[in-house]
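Have a look at structure-v8.tsv below; it lists TSV, C-alpha atoms.
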```
chain	number	residue	atom	x	y	z
W	1	MET	CA	-18.72	21.50	-8.82
W	2	ASP	CA	-18.42	17.73	-8.30
W	3	ASN	CA	-16.84	18.22	-4.88
W	4	LEU	CA	-19.96	20.15	-3.75
W	5	ARG	CA	-22.17	17.11	-4.20
W	6	PRO	CA	-23.01	15.17	-1.02
W	7	VAL	CA	-20.88	12.05	-0.71
W	8	ILE	CA	-22.18	8.82	0.83
W	9	PHE	CA	-19.23	6.45	1.15
W	10	SER	CA	-21.42	3.55	2.23
W	11	GLY	CA	-23.23	3.75	-1.12
W	12	SER	CA	-20.03	2.99	-3.05
W	13	ILE	CA	-19.42	-0.68	-3.76
W	14	LEU	CA	-15.71	-0.04	-4.28
W	15	VAL	CA	-15.29	1.73	-0.95
W	16	VAL	CA	-17.21	-0.98	0.91
W	17	ALA	CA	-15.06	-3.66	-0.77
W	18	VAL	CA	-11.70	-2.07	0.09
W	19	ARG	CA	-12.60	-1.03	3.65
W	20	PRO	CA	-11.21	-4.24	5.30
W	21	TYR	CA	-7.87	-3.69	3.56
W	22	LEU	CA	-7.82	-0.10	4.81
W	23	TRP	CA	-8.12	-1.36	8.38
W	24	VAL	CA	-5.16	-3.70	7.83
W	25	LEU	CA	-3.13	-0.76	6.51
W	26	THR	CA	-4.19	1.26	9.57
W	27	LEU	CA	-2.86	-1.52	11.81
W	28	PHE	CA	0.55	-1.08	10.18
W	29	ALA	CA	0.30	2.74	10.46
W	30	ASN	CA	0.19	3.36	6.72
W	31	LEU	CA	-2.92	5.54	6.92
W	32	LEU	CA	-5.45	6.94	9.33
W	33	PRO	CA	-8.40	4.70	10.29
W	34	PRO	CA	-11.09	4.47	7.59
W	35	TYR	CA	-13.54	5.84	10.13
W	36	TYR	CA	-11.61	9.12	10.04
W	37	ILE	CA	-10.83	9.28	6.32
W	38	LEU	CA	-14.34	8.27	5.24
W	39	ARG	CA	-15.99	10.45	7.85
W	40	THR	CA	-19.25	12.36	7.47
W	41	THR	CA	-19.70	16.06	8.14
W	42	SER	CA	-22.10	15.65	11.06
W	43	THR	CA	-21.11	17.77	14.04
W	44	HIS	CA	-22.01	15.30	16.82
W	45	ARG	CA	-19.05	13.09	15.82
W	46	GLN	CA	-16.40	15.80	15.87
W	47	LEU	CA	-15.20	14.84	19.34
W	48	LEU	CA	-14.92	11.17	18.35
W	49	LEU	CA	-13.02	12.12	15.20
W	50	PHE	CA	-10.68	14.30	17.25
W	51	LEU	CA	-10.02	11.45	19.71
W	52	THR	CA	-9.42	9.07	16.80
W	53	ARG	CA	-6.76	11.37	15.38
W	54	ILE	CA	-5.10	11.88	18.79
W	55	ILE	CA	-4.92	8.12	19.38
W	56	PHE	CA	-3.46	7.57	15.92
W	57	VAL	CA	-0.87	10.33	16.47
W	58	LEU	CA	0.20	8.60	19.68
W	59	TYR	CA	0.38	5.32	17.78
W	60	ILE	CA	2.58	6.97	15.14
W	61	LEU	CA	4.88	8.38	17.84
W	62	LEU	CA	5.14	4.89	19.32
W	63	GLN	CA	6.05	3.51	15.91
W	64	VAL	CA	8.71	6.22	15.43
W	65	SER	CA	10.22	5.40	18.82
W	66	ILE	CA	10.28	1.71	17.94
W	67	CYS	CA	11.93	2.46	14.59
W	68	PHE	CA	14.77	4.41	16.22
W	69	TRP	CA	15.20	1.78	18.93
W	70	ILE	CA	15.39	-1.08	16.43
W	71	VAL	CA	17.92	0.83	14.30
W	72	TYR	CA	20.01	1.51	17.42
W	73	LYS	CA	19.97	-2.18	18.43
W	74	ASN	CA	20.79	-3.33	14.89
W	75	ARG	CA	23.62	-0.79	14.64
W	76	ASN	CA	25.22	-2.08	17.85
W	77	PHE	CA	24.89	-5.66	16.66
W	78	VAL	CA	26.45	-4.88	13.28
W	79	ILE	CA	29.42	-3.11	14.90
W	80	ASN	CA	30.08	-6.01	17.29
W	81	TYR	CA	29.53	-8.63	14.57
W	82	VAL	CA	31.93	-6.96	12.14
W	83	ARG	CA	34.62	-6.58	14.80
W	84	ARG	CA	34.20	-10.10	16.16
W	85	ASN	CA	34.47	-11.75	12.74
W	86	SER	CA	37.05	-9.29	11.29
W	87	LEU	CA	34.84	-8.37	8.33
W	88	ASP	CA	35.76	-5.63	5.87
W	89	SER	CA	34.44	-2.07	5.92
W	90	LYS	CA	32.14	-2.69	2.93
W	91	THR	CA	30.02	-5.03	5.02
W	92	PHE	CA	29.73	-2.41	7.75
W	93	ILE	CA	28.85	0.37	5.27
W	94	MET	CA	26.19	-1.76	3.53
W	95	ALA	CA	24.63	-2.84	6.82
W	96	ILE	CA	24.46	0.69	8.22
W	97	GLY	CA	23.25	2.02	4.86
W	98	ILE	CA	20.30	-0.35	4.75
W	99	LEU	CA	19.40	0.64	8.33
W	100	ILE	CA	19.43	4.33	7.39
W	101	VAL	CA	17.31	3.70	4.29
W	102	GLN	CA	14.88	1.57	6.31
W	103	LEU	CA	14.51	4.28	8.96
W	104	THR	CA	14.05	6.97	6.30
W	105	ILE	CA	11.31	5.17	4.41
W	106	GLN	CA	9.52	4.30	7.65
W	107	LEU	CA	9.53	7.98	8.63
W	108	VAL	CA	8.27	8.96	5.16
W	109	ILE	CA	5.40	6.46	5.36
W	110	LEU	CA	4.43	7.50	8.88
W	111	THR	CA	4.62	11.19	7.98
W	112	GLN	CA	2.43	10.66	4.92
W	113	ALA	CA	-0.10	8.81	7.08
W	114	LEU	CA	-0.42	11.92	9.25
W	115	THR	CA	-0.23	14.65	6.61
W	116	GLY	CA	-1.69	13.03	3.49
W	117	HIS	CA	-5.13	12.12	4.79
W	118	GLN	CA	-6.81	15.18	3.22
W	119	LEU	CA	-5.50	14.28	-0.24
W	120	LEU	CA	-6.49	10.66	0.31
W	121	ARG	CA	-9.98	11.70	1.38
W	122	SER	CA	-10.39	13.88	-1.71
W	123	ILE	CA	-9.32	10.93	-3.87
W	124	PHE	CA	-11.93	8.74	-2.19
W	125	ILE	CA	-14.56	11.42	-2.80
W	126	ASN	CA	-13.65	11.42	-6.49
W	127	VAL	CA	-13.91	7.63	-6.55
W	128	VAL	CA	-17.42	7.71	-5.05
W	129	GLN	CA	-18.63	10.42	-7.42
W	130	LEU	CA	-17.00	8.82	-10.45
W	131	GLU	CA	-18.41	5.41	-9.62
W	132	SER	CA	-21.88	6.93	-9.21
W	133	ASP	CA	-21.67	8.69	-12.59
W	134	ILE	CA	-20.38	5.57	-14.31
W	135	ARG	CA	-23.21	3.47	-12.87
W	136	LYS	CA	-25.73	5.98	-14.24
W	137	HIS	CA	-24.42	5.45	-17.78
W	138	CYS	CA	-23.32	1.83	-17.52
W	139	ALA	CA	-25.62	-1.02	-18.49
W	140	ALA	CA	-23.30	-3.71	-17.12
W	141	VAL	CA	-24.17	-5.34	-13.80
W	142	TYR	CA	-21.44	-5.84	-11.21
W	143	SER	CA	-21.78	-7.07	-7.63
W	144	LEU	CA	-19.95	-6.55	-4.37
W	145	CYS	CA	-19.04	-10.24	-4.19
W	146	ASP	CA	-17.33	-10.12	-7.58
W	147	ILE	CA	-15.25	-7.09	-6.62
W	148	ARG	CA	-14.32	-8.63	-3.27
W	149	TRP	CA	-13.21	-11.80	-5.03
W	150	ARG	CA	-11.03	-9.87	-7.48
W	151	LEU	CA	-9.58	-7.86	-4.61
W	152	PHE	CA	-8.71	-11.08	-2.80
W	153	LEU	CA	-7.01	-12.49	-5.91
W	154	HIS	CA	-4.99	-9.36	-6.68
W	155	VAL	CA	-4.49	-7.86	-3.21
W	156	GLY	CA	-5.40	-10.37	-0.50
W	157	ILE	CA	-3.11	-13.12	-1.77
W	158	TRP	CA	-0.30	-10.59	-2.25
W	159	LEU	CA	-0.86	-9.40	1.33
W	160	LEU	CA	-0.55	-12.97	2.66
W	161	VAL	CA	2.54	-13.66	0.56
W	162	THR	CA	4.19	-10.40	1.69
W	163	CYS	CA	3.65	-11.11	5.38
W	164	THR	CA	4.72	-14.76	5.10
W	165	PHE	CA	7.83	-13.96	3.05
W	166	GLU	CA	8.86	-11.14	5.40
W	167	VAL	CA	8.58	-13.40	8.44
W	168	TYR	CA	10.52	-16.22	6.75
W	169	VAL	CA	13.36	-14.02	5.47
W	170	SER	CA	13.65	-12.27	8.83
W	171	TYR	CA	13.80	-15.61	10.63
W	172	GLU	CA	16.57	-16.84	8.35
W	173	MET	CA	18.60	-13.61	8.36
W	174	PHE	CA	18.35	-12.43	11.97
W	175	PRO	CA	21.03	-13.80	14.31
W	176	PRO	CA	20.18	-16.11	17.24
W	177	ALA	CA	21.40	-13.41	19.64
W	178	TYR	CA	18.25	-11.39	18.98
W	179	THR	CA	15.60	-11.49	21.66
W	180	ALA	CA	12.00	-12.33	20.80
W	181	LEU	CA	10.97	-8.68	21.29
W	182	ILE	CA	13.59	-7.31	18.89
W	183	TYR	CA	12.74	-10.05	16.42
W	184	LEU	CA	8.99	-9.31	16.46
W	185	LEU	CA	9.40	-5.54	16.30
W	186	SER	CA	11.89	-5.81	13.44
W	187	ILE	CA	9.47	-7.99	11.48
W	188	PHE	CA	6.66	-5.52	12.17
W	189	GLY	CA	8.83	-2.66	10.88
W	190	GLY	CA	9.67	-4.58	7.73
W	191	ILE	CA	6.02	-5.41	7.06
W	192	LEU	CA	5.11	-1.76	7.75
W	193	ILE	CA	7.30	-0.76	4.81
W	194	GLN	CA	5.99	-3.47	2.47
W	195	MET	CA	2.38	-2.53	3.26
W	196	LYS	CA	2.83	0.62	1.18
W	197	GLY	CA	3.11	-1.66	-1.85
W	198	VAL	CA	-0.09	-3.43	-0.79
W	199	GLU	CA	-1.83	-0.07	-0.48
W	200	TYR	CA	-0.72	0.78	-4.01
W	201	CYS	CA	-2.18	-2.54	-5.21
W	202	VAL	CA	-5.52	-1.64	-3.59
W	203	TRP	CA	-5.68	1.62	-5.54
W	204	ALA	CA	-4.52	-0.05	-8.74
W	205	GLN	CA	-7.43	-2.47	-8.40
W	206	ILE	CA	-9.86	0.42	-7.83
W	207	ILE	CA	-8.66	2.07	-11.04
W	208	GLN	CA	-8.92	-1.27	-12.83
W	209	GLU	CA	-12.54	-1.71	-11.72
W	210	LEU	CA	-13.49	1.77	-12.93
W	211	LEU	CA	-11.76	1.24	-16.27
W	212	HIS	CA	-13.50	-2.12	-16.65
W	213	LEU	CA	-16.93	-0.48	-16.19
W	214	VAL	CA	-16.15	2.24	-18.71
W	215	GLN	CA	-14.89	-0.37	-21.16
W	216	GLN	CA	-17.98	-2.53	-20.75
W	217	GLN	CA	-20.22	0.45	-21.44
W	218	LEU	CA	-18.21	1.35	-24.55
W	219	ILE	CA	-18.55	-2.21	-25.88
W	220	HIS	CA	-22.29	-2.09	-25.19
W	221	LEU	CA	-22.67	1.23	-27.03
W	222	LYS	CA	-20.67	-0.08	-29.96
W	223	GLU	CA	-22.93	-3.12	-30.32
W	224	GLU	CA	-26.09	-1.01	-30.04
W	225	LEU	CA	-24.77	1.49	-32.57
W	226	VAL	CA	-24.08	-1.27	-35.10
W	227	ARG	CA	-27.62	-2.66	-34.75
W	228	CYS	CA	-29.29	0.76	-34.78
W	229	GLU	CA	-30.63	1.96	-38.14
W	230	ARG	CA	-32.55	5.09	-37.12
W	231	MET	CA	-30.52	8.28	-37.35
W	232	GLU	CA	-32.15	10.00	-34.37
W	233	LEU	CA	-31.26	7.05	-32.12
W	234	ARG	CA	-27.71	7.08	-33.44
W	235	CYS	CA	-27.36	10.68	-32.31
W	236	SER	CA	-28.29	9.65	-28.77
W	237	PHE	CA	-25.68	6.89	-28.91
W	238	PHE	CA	-23.08	9.42	-30.06
W	239	ALA	CA	-23.94	11.53	-27.01
W	240	GLU	CA	-23.52	8.48	-24.78
W	241	ILE	CA	-20.12	7.80	-26.34
W	242	GLN	CA	-19.04	11.36	-25.63
W	243	ALA	CA	-20.18	10.97	-22.03
W	244	ASN	CA	-18.21	7.74	-21.85
W	245	GLN	CA	-15.09	9.55	-23.09
W	246	LYS	CA	-15.51	12.19	-20.38
W	247	LEU	CA	-15.80	9.47	-17.76
W	248	LEU	CA	-12.64	7.86	-19.10
W	249	ALA	CA	-10.84	11.20	-18.86
W	250	ARG	CA	-11.93	11.48	-15.22
W	251	VAL	CA	-10.56	8.01	-14.51
W	252	TRP	CA	-7.18	9.03	-15.94
W	253	ASP	CA	-7.28	12.21	-13.84
W	254	LEU	CA	-7.93	10.06	-10.77
W	255	LEU	CA	-4.98	7.89	-11.76
W	256	ASN	CA	-2.72	10.95	-11.98
W	257	ARG	CA	-3.77	12.08	-8.50
W	258	MET	CA	-3.13	8.61	-7.16
W	259	GLU	CA	0.35	8.58	-8.71
W	260	ARG	CA	1.17	11.93	-7.09
W	261	TYR	CA	0.15	10.50	-3.73
W	262	PHE	CA	2.28	7.36	-4.10
W	263	CYS	CA	5.22	8.79	-6.06
W	264	ILE	CA	7.77	9.33	-3.27
W	265	PRO	CA	7.03	6.30	-1.02
W	266	ILE	CA	6.77	3.82	-3.90
W	267	CYS	CA	10.06	5.04	-5.43
W	268	MET	CA	11.72	4.70	-2.04
W	269	LEU	CA	10.17	1.26	-1.57
W	270	PHE	CA	11.55	0.14	-4.94
W	271	PHE	CA	15.02	1.42	-3.98
W	272	TYR	CA	14.81	-0.19	-0.53
W	273	ASN	CA	13.80	-3.60	-1.91
W	274	GLY	CA	16.75	-3.49	-4.32
W	275	LEU	CA	19.15	-2.78	-1.46
W	276	LEU	CA	17.45	-5.45	0.63
W	277	ILE	CA	18.02	-8.08	-2.06
W	278	ILE	CA	21.71	-7.14	-2.30
W	279	GLN	CA	22.02	-7.15	1.49
W	280	THR	CA	20.35	-10.56	1.77
W	281	ILE	CA	22.70	-12.10	-0.78
W	282	HIS	CA	25.71	-10.45	0.90
W	283	TRP	CA	24.87	-11.71	4.38
W	284	SER	CA	24.02	-15.17	3.06
W	285	TYR	CA	27.48	-15.36	1.50
W	286	ILE	CA	29.13	-14.17	4.74
W	287	ASN	CA	27.21	-16.71	6.84
W	288	PHE	CA	28.12	-19.46	4.39
W	289	GLU	CA	31.83	-18.55	4.55
W	290	LEU	CA	31.80	-18.34	8.36
W	291	ASP	CA	30.03	-21.69	8.69
W	292	ASP	CA	32.51	-23.25	6.28
W	293	LEU	CA	35.43	-21.78	8.24
W	294	LYS	CA	34.07	-23.11	11.54
W	295	LEU	CA	33.57	-26.53	9.96
W	296	ARG	CA	37.17	-26.66	8.73
W	297	LEU	CA	38.51	-25.49	12.09
W	298	TYR	CA	36.65	-28.21	14.00
W	299	LEU	CA	37.53	-31.01	11.59
W	300	PRO	CA	40.31	-33.35	12.87
```
When written as structure tokens, how does the structure in this file appear?
Amino acid sequence: MDNLRPVIFSGSILVVAVRPYLWVLTLFANLLPPYYILRTTSTHRQLLLFLTRIIFVLYILLQVSICFWIVYKNRNFVINYVRRNSLDSKTFIMAIGILIVQLTIQLVILTQALTGHQLLRSIFINVVQLESDIRKHCAAVYSLCDIRWRLFLHVGIWLLVTCTFEVYVSYEMFPPAYTALIYLLSIFGGILIQMKGVEYCVWAQIIQELLHLVQQQLIHLKEELVRCERMELRCSFFAEIQANQKLLARVWDLLNRMERYFCIPICMLFFYNGLLIIQTIHWSYINFELDDLKLRLYLP
């Protein structure tokens, strides 16, 4: 019955606060534009919505083409590098393995962006309805500025750190033989993968905000119940506590739906980052040994 209620996304403080982060995720092809996901049901915008989806599909196809091209270029470089420096087969297997994993997780993220928008929209609808119901029962006051500030602390800073760290590591690890185009597109592909973690942080903060409101209302009811001496008023407080418990159950249900949405890509991201750490250490050791060998060869 809740899904039959009219949904006004612009009336949700949480949706308004996270919208800029959704546009950043759209830039990295992690999800459809917020304009499409948070669309209204008015018929005069159907053509615009259709064009938005077509443009995003073309953008996804471009990203897929870039992913395959970068993997092909990296594969050729790894083969030539291993042969030129007479490295063992383990180095070749690890390098090709990380390329395959990177391509796989990029395809999973891009596929989810195209096929998971209906589930994501339904989750947003639940957020709007749940926030509205919580605000009806909650006596605590919260503002858009406060939520934006907490989002910046928990998501915005992490977004800046992720992008900066990805650029730095790529600059240190990529060989000088790479052209500027390959370098930039490889960095973009790496950030595309890490943005799924940022998206998960956005939703974790949404859940945190909803839980905070429910908790504040429960504390308020507890204090009022302690001060109340009239039995008939206590009964009304008991009813409010039961309503608060139902709201809490709906928050946990929203959390379960969010976990189903993120289960596969986040598990793959965790696995990819583990391989990436091993690969970074491995190539750092190889570069150190090769530099040391060149130094000893050129010494008189």
Nearest to Val101 in chain W: which of W:Tyr285, W:Tyr261, W:Phe270, W:Phe124 is it, counting all atoms listed in the file?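 Residue with the minimum atom-to-atom distance to Val101 in chain W: W:Phe270.
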Which residue gives the smallest distance to Phe271 in chain W among W:Arg53, W:His154, W:Ile93, W:Gln102, with all atoms listed in the file counted?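 With all atoms listed in the file as the atom set, the closest residue is W:Gln102.
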Closest to Thr111 in chain W among W:Ala243, W:Ile278, W:Leu32, W:Leu47, using only C-alpha atoms?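 Nearest to Thr111 in chain W: W:Leu32.
With CA of Ile207 in chain W on one side and CA of Glu224 in chain W on the other, the separation reads 26.0 Å.
In this comparison, which uses all atoms listed in the file, the residue of W:Leu192, W:Leu107, W:Val169, W:Cys201 approaching Ala29 in chain W most closely is W:Leu192.
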Determine, counting all atoms listed in the file, which protein, DNA and RNA residues have an atom within 12 Å of an atom of Gln118 in chain W; residues of the same chain fewer than 2 positions away are not included. Present the result as a ChimeraX atom specification. /W:31-32,36-39,112-116,120-125,261
Selected residue of minimal separation from Asn273 in chain W among W:Lys73, W:Ile98, W:Leu48, W:Cys145, counting all atoms listed in the file: W:Ile98
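Distance annotation: of W:Ile60, W:Ile193, W:Val16, W:Leu51, the residue with the minimal separation from Tyr272 in chain W is W:Ile193; atom set is all atoms listed in the file.
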Rounded to one decimal, what separation in Å do you get between CA of Val198 in chain W and CA of Leu25 in chain W?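 It comes out at 8.3 Å.
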Here's a test: counting only C-alpha atoms, identify every protein, DNA and RNA residue with an atom at most 9 Å from (8.2, 10.4, -1.1) in the file's coordinate frame, and state them as a compact mmCIF listing (two decimals) with C-alpha atoms, keeping the file's coordinate frame.
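As a result, point.txt now contains:
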```
# COMPACT_ATOMS: atom_id res chain seq x y z
CA ILE W 105 11.31 5.17 4.41
CA VAL W 108 8.27 8.96 5.16
CA ILE W 109 5.40 6.46 5.36
CA GLN W 112 2.43 10.66 4.92
CA TYR W 261 0.15 10.50 -3.73
CA PHE W 262 2.28 7.36 -4.10
CA CYS W 263 5.22 8.79 -6.06
CA ILE W 264 7.77 9.33 -3.27
CA PRO W 265 7.03 6.30 -1.02
CA ILE W 266 6.77 3.82 -3.90
CA CYS W 267 10.06 5.04 -5.43
CA MET W 268 11.72 4.70 -2.04
```
Separation of CA of Leu22 in chain W and CA of Leu110 in chain W, in Å?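 For CA of Leu22 in chain W relative to CA of Leu110 in chain W, the distance reads 15.0 Å.
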Can you tell me, as a ChimeraX atom specification, which residues sit within 12 Å of (29.1, -3.5, 6.9) in the file's frame, using only C-alpha atoms? /W:74-83,85-99,279,282-283,286
Residues near range 128-131 of chain W, cut-off 8 Å, all atoms listed in the file, skip fewer than 4 positions along chain, as an MDAnalysis selection string: chainID W and resid 2 7:9 12 14:15 124 135 210 247 250:251
Resulting file, chosen residues, C-alpha atoms, as a PDB file, keeping the file's coordinate frame:
```
ATOM      1  CA  ASP W   2     -18.420  17.730  -8.300  1.00  0.00           C
ATOM      2  CA  VAL W   7     -20.880  12.050  -0.710  1.00  0.00           C
ATOM      3  CA  ILE W   8     -22.180   8.820   0.830  1.00  0.00           C
ATOM      4  CA  PHE W   9     -19.230   6.450   1.150  1.00  0.00           C
ATOM      5  CA  SER W  12     -20.030   2.990  -3.050  1.00  0.00           C
ATOM      6  CA  LEU W  14     -15.710  -0.040  -4.280  1.00  0.00           C
ATOM      7  CA  VAL W  15     -15.290   1.730  -0.950  1.00  0.00           C
ATOM      8  CA  PHE W 124     -11.930   8.740  -2.190  1.00  0.00           C
ATOM      9  CA  ARG W 135     -23.210   3.470 -12.870  1.00  0.00           C
ATOM     10  CA  LEU W 210     -13.490   1.770 -12.930  1.00  0.00           C
ATOM     11  CA  LEU W 247     -15.800   9.470 -17.760  1.00  0.00           C
ATOM     12  CA  ARG W 250     -11.930  11.480 -15.220  1.00  0.00           C
ATOM     13  CA  VAL W 251     -10.560   8.010 -14.510  1.00  0.00           C
TER      14      VAL W 251
END
```
Identify, on the basis of all atoms listed in the file, every residue whose closest approach to Gln205 in chain W does not exceed 12 Å; exclude the query and any residue fewer than 4 positions from it along the same chain; express the result as a list of chain:residue names.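 Once the nearby chain positions are removed, what remains is W:Leu14, W:Val15, W:Ala17, W:Val18, W:Ile147, W:Arg148, W:Trp149, W:Arg150, W:Leu151, W:Phe152, W:Leu153, W:His154, W:Val155, W:Gly156, W:Val198, W:Glu199, W:Tyr200, W:Cys201, W:Glu209, W:Leu210, W:Leu211, W:His212, W:Leu255, W:Met258.
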Create the file for the chosen residues now, containing C-alpha atoms and written as an mmCIF file, keeping the file's coordinate frame.
```cif
data_model
loop_
_atom_site.group_PDB
_atom_site.id
_atom_site.type_symbol
_atom_site.label_atom_id
_atom_site.label_comp_id
_atom_site.auth_asym_id
_atom_site.auth_seq_id
_atom_site.Cartn_x
_atom_site.Cartn_y
_atom_site.Cartn_z
ATOM 1 C CA LEU W 14 -15.710 -0.040 -4.280
ATOM 2 C CA VAL W 15 -15.290 1.730 -0.950
ATOM 3 C CA ALA W 17 -15.060 -3.660 -0.770
ATOM 4 C CA VAL W 18 -11.700 -2.070 0.090
ATOM 5 C CA ILE W 147 -15.250 -7.090 -6.620
ATOM 6 C CA ARG W 148 -14.320 -8.630 -3.270
ATOM 7 C CA TRP W 149 -13.210 -11.800 -5.030
ATOM 8 C CA ARG W 150 -11.030 -9.870 -7.480
ATOM 9 C CA LEU W 151 -9.580 -7.860 -4.610
ATOM 10 C CA PHE W 152 -8.710 -11.080 -2.800
ATOM 11 C CA LEU W 153 -7.010 -12.490 -5.910
ATOM 12 C CA HIS W 154 -4.990 -9.360 -6.680
ATOM 13 C CA VAL W 155 -4.490 -7.860 -3.210
ATOM 14 C CA GLY W 156 -5.400 -10.370 -0.500
ATOM 15 C CA VAL W 198 -0.090 -3.430 -0.790
ATOM 16 C CA GLU W 199 -1.830 -0.070 -0.480
ATOM 17 C CA TYR W 200 -0.720 0.780 -4.010
ATOM 18 C CA CYS W 201 -2.180 -2.540 -5.210
ATOM 19 C CA GLU W 209 -12.540 -1.710 -11.720
ATOM 20 C CA LEU W 210 -13.490 1.770 -12.930
ATOM 21 C CA LEU W 211 -11.760 1.240 -16.270
ATOM 22 C CA HIS W 212 -13.500 -2.120 -16.650
ATOM 23 C CA LEU W 255 -4.980 7.890 -11.760
ATOM 24 C CA MET W 258 -3.130 8.610 -7.160
#
```
Please provide as a list in words all residues within 9 Å of Gln194 in chain W, with the sequence filter that same-chain residues fewer than 4 positions apart are discarded (counting all atoms listed in the file).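 Once the nearby chain positions are removed, what remains is Thr162, Cys163, Glu166, Gly189, Gly190, Val198, Leu269 and Asn273 of chain W.
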